[in-house]
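**Q** Here it is, the structure in full.
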Amino acid sequence: MQTLTAVVPVYNEAEVLDAFHARLTAALAGLDLDCRVLYVDDGSDEPCAVRLRELAHEHDNVGLLVLSRNFGKEVAISAGLDHAEGDAVILIDADLQDPPELIATFVEQWRAGYDVVYGQRTERRGDSRLKRATAAVYYRVLNALSEVEIPQDVGDFRLLSRRAVDALNALPERHRYMKGLYAWIGFSQAAVPYVREARASGSSKWSYWRLWNFAMEGITSFSTLPLKVATYLGMLVSSLSFMYGLYMLVKTLIWGNPVPGYPSLIVIVLFLGGVQLMCLGVIGEYLARTYTESKGRVLYLTREYHPPRD
Ligand code: UDP
Ligand code: MG
C-alpha cells in the first residue's frame with residue numbers, strides 16, 4: 001500500500017492539539033493509504049511539548065521530531081520534510097485553520113497525477129480587512145518582481161509527492177521562503193479551493209513586524225530586481241541633475257545669477273541623500289542574505305527524533 005505522512009509544525013498549541021489530532025486521525029482513517037503523522041515540536045513550552053510526547057508514545061503511527069529551540073514555522077516545515085517518509089507528504093497547521101477533511105481531495109488530485117496539490121483560500125475568516133488588503137498588494141508586487149509565479153492566498157497547506165519533497169530537500173538555501181520554493185520546483189501543480197477558518201484557539205504568532213520581514217524575505221529571495229532598480233534610479237537621477245546643471249549654466253551665462261538658489265540646492269541635496277541611503281539599504285538587504293548563506297550554518301538542530309513505528 002502507498003504511504004502518506006502528515007507533517008505538522010507545532011509551536012505552543014496545547015489548547016487545540018487534542019482536537020486537532022482527533023480530526024486529523026479521523027480524516028486520515030478514511031483514506032485507503034498507510035498514514036503516519038509526524039509532529040515537529042518547534043521549541044514549544046511545557047504543556048504542549050509534554051502532550052506531543054504522549055501522543056507519539058500512545059500511537060504507533062505518530063512520530064515526533066523535537067527541535068532544539070524555536071526556529072520558526074518555515075524551518076520547522078523544512079525539518080519535517082527532511083524526516084518525512086512515504087510516497088506523499090501533507091503539510092498542515094495544528095491550529096485547525098486548515099481543514100483535515102480536505103486531505104481526501106488532495107489525495108484524489110495526487111492520484112490523478114499532480115505532484116503538488118495546494119489549498120487555496122477563497123475566504124479569510126478571522127483576518128482583518130487591513131491584513132487582507134496588505135496581502136493583496138503584497139502578492140501583486142511579489143509576482144511583478146519574481147521570476148516564478150507565486151499563487152495568491154496559498155499557504156503551506158498542501159500535498160507534496162515524493163519527488164517534490166526530494167526536490168525541496170535538495171535546495172541548499174538557508175533562507176527558506178517556502179511559498180516561493182514550492183513554486184520554484186515546478187512539476188504539475190493543482191489548486192483546491194477551501195474556506196480558511198479562524199484559529200480554533202490561541203493567537204497567531206505573526207505580528208505585523210514579522211509579516212513585514214517575511215514579505216521582505218520573499219522579495220529578496222526571489223528577485224534581484226530591487227538591485228537593478230537602485231542602478232536605474234541612480235542613472236535617472238544623475239541624468240536629470242546633469243540636465244538641470246546645463247540649464248543653470250546657460251541661464252547664468254545669459255541672464256546672470258542675481259539670487260543664489262538656496263531652496264533648489266537644499267532640495268536636490270536632500271533628495272539625492274535619500275536616494276543614496278535607499279539604494280544602500282537595498283544592497284544591504286541582499287548583502288545580509290549573502291552573509292547568512294555564506295556562513296553555511298545548519299538549518300536547525302534536533303533534540304530528539306522518534307520516527308513513526310510501522
Ligand atoms: N508554528 C511553528 N513555529 C513558529 C510559529 C508557528 O511551528 O514559530 C506553527 C504553529 O504551531 C501552527 C502553524 O505553524 O501549527 C501556523 O502558525 P500560525 O497559526 O501562528 O500562523 P498563521 O496561521 O497565522 O499563518
Ligand atoms: Mg494559523
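FYI, nothing fancy with the C-alpha cells labels: chains A, B, ... in order, residues from 1 per chain, ligands from 1 as they appear.
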Residues contacting ligand 1 - anything with an atom at most 8 Å away, using only C-alpha atoms and all ligand atoms - can you give me those as a list in words?

**A**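 Listing the residues within 8 Å of ligand 1 gives Val8, Pro9, Val10, Tyr11, Asn12, Glu13, Val40, Asp41, Asp42, Gly43, Asn70, Phe71, Gly72, Lys73, Glu74, Ala76, Ile77, Ile92, Asp93, Ala94, Asp95, Gln97, Gly155, Arg199, Ser203, Ser204, Lys205 and Trp206 of chain A.
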
**Q** Which of segment 41-252 of chain A counts as strand (DSSP E) under DSSP, as an NGL selection string please?

**A** :A and (41 or 62-67 or 88-91 or 116-124 or 154-161 or 189-196)

**Q** Can you pull out every residue within 8 Å of Ala183 of chain A, counting only C-alpha atoms, but drop anything in the same chain fewer than 2 positions away, and send it as a list of chain:residue names?

**A**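 Residues near the query, excluding close chain neighbours: A:Val148, A:Glu149, A:Ile150, A:Lys179, A:Gly180, A:Leu181, A:Ile185, A:Gly186.
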
**Q** Tell me which of A:Gly245, A:Gly63, A:Pro99, A:Pro258 sits closest to Pro308 of chain A, counting only C-alpha atoms.

**A**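 With only C-alpha atoms as the atom set, the closest residue is A:Gly63.
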
**Q** So that I can see what lies close to segment 223-238 of chain A, please list as a PyMOL selection string the residues with an atom at most 9 Å from it, counting only C-alpha atoms and leaving out residues fewer than 5 positions away in the same chain.

**A** chain A and resi 142+145-147+218+243+272+275-276+278-280+282-283+286

**Q** Give me the residues near segment 297-304 of chain A as a ChimeraX atom specification, where near means some atom within 9 Å (using only C-alpha atoms) and where sequence neighbours in that chain fewer than 4 positions away do not count.

**A** /A:64-69,71,75-76,78-79,173-175,292-293

**Q** Dump N, CA and C atoms for the selected residues as a compact mmCIF listing (two decimals), in the first residue's frame?

**A**
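Output below, filename part.txt:
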# COMPACT_ATOMS: atom_id res chain seq x y z
N LEU A 64 7.58 11.97 16.32
CA LEU A 64 7.83 13.30 16.88
C LEU A 64 9.27 13.71 16.63
N LEU A 65 9.42 14.91 16.10
CA LEU A 65 10.75 15.48 15.89
C LEU A 65 10.81 16.72 16.76
N VAL A 66 11.72 16.74 17.71
CA VAL A 66 11.82 17.90 18.60
C VAL A 66 13.03 18.72 18.21
N LEU A 67 12.81 19.99 17.84
CA LEU A 67 13.92 20.86 17.51
C LEU A 67 14.52 21.44 18.78
N SER A 68 15.76 21.89 18.70
CA SER A 68 16.47 22.31 19.92
C SER A 68 15.95 23.63 20.48
N ARG A 69 15.26 24.42 19.65
CA ARG A 69 14.65 25.66 20.13
C ARG A 69 13.60 26.06 19.10
N PHE A 71 12.58 27.66 15.91
CA PHE A 71 13.26 28.12 14.71
C PHE A 71 12.32 28.84 13.75
N VAL A 75 11.30 26.88 8.97
CA VAL A 75 12.37 25.92 9.25
C VAL A 75 11.79 24.63 9.81
N ALA A 76 10.74 24.76 10.66
CA ALA A 76 10.11 23.56 11.22
C ALA A 76 9.58 22.67 10.09
N SER A 78 10.72 22.61 6.97
CA SER A 78 11.87 22.02 6.28
C SER A 78 12.40 20.81 7.05
N ALA A 79 12.45 20.95 8.37
CA ALA A 79 12.92 19.84 9.21
C ALA A 79 11.99 18.64 9.06
N GLU A 173 19.42 26.41 0.19
CA GLU A 173 19.41 27.71 0.85
C GLU A 173 18.89 27.71 2.28
N ARG A 174 19.47 28.62 3.05
CA ARG A 174 19.10 28.74 4.46
C ARG A 174 17.93 29.69 4.64
N HIS A 175 17.76 30.61 3.69
CA HIS A 175 16.60 31.50 3.75
C HIS A 175 15.45 30.79 3.09
N THR A 292 24.48 35.50 5.57
CA THR A 292 23.95 34.35 6.32
C THR A 292 24.10 33.06 5.51
N GLU A 293 23.90 33.15 4.19
CA GLU A 293 24.07 31.93 3.38
C GLU A 293 25.51 31.47 3.45

**Q** To one decimal place in Å, what is the distance between atom CA of Val62 of chain A and atom CA of Val37 of chain A?

**A**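 Here the two named atoms are 4.8 Å from each other.
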
**Q** Compile the contact shell of Asp32 of chain A as a ChimeraX atom specification: residues with an atom at most 12 Å away, counting only C-alpha atoms, same-chain residues fewer than 5 positions apart removed.

**A** /A:1-4,27,104,107-108,111

**Q** Check the smallest atom-to-atom distance from each of A:Val16, A:Ala49, A:Ala6, A:Leu102 to ligand 2 using only C-alpha atoms and all ligand atoms, then report the winner.

**A**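 Among the listed residues, the smallest separation from ligand 2 belongs to A:Val16.
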
**Q** Hey, can you check how far atom CA of Ala170 of chain A sits from atom CA of Trp184 of chain A?

**A**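 Between atom CA of Ala170 of chain A and atom CA of Trp184 of chain A the gap is 12.5 Å.
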
**Q** Rounded to one decimal place, report the atom CA of Ser161 of chain A-atom CA of Asn143 of chain A distance in Å.

**A**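 Straight-line distance from atom CA of Ser161 of chain A to atom CA of Asn143 of chain A works out to 25.0 Å.
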
**Q** Which residue gives the smallest distance to ligand 2 among A:Leu171, A:Ala198, A:Ile268, A:Ile254, with only C-alpha atoms and all ligand atoms counted?

**A**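 Comparing A:Leu171, A:Ala198, A:Ile268, A:Ile254 against ligand 2, the winner is A:Ala198.
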
**Q** Out of segment 23-258 of chain A, which residues get helix (DSSP H, G or I) from DSSP, as a ChimeraX atom specification?

**A** /A:23-29,46-58,73-83,100-111,129-145,162-170,178-185,208-222,225-255

**Q** Of the candidates A:Arg196, A:Arg176, A:His59, A:Arg163, which shows the shortest atom-to-atom distance to ligand 2, using only C-alpha atoms and all ligand atoms?

**A** A:Arg196

**Q** When distances are computed from only C-alpha atoms and all ligand atoms, which of A:Phe271, A:Tyr138, A:Phe157, A:Phe106 shows the smallest separation from ligand 2?

**A**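 For ligand 2, the nearest of the given residues is A:Phe157.
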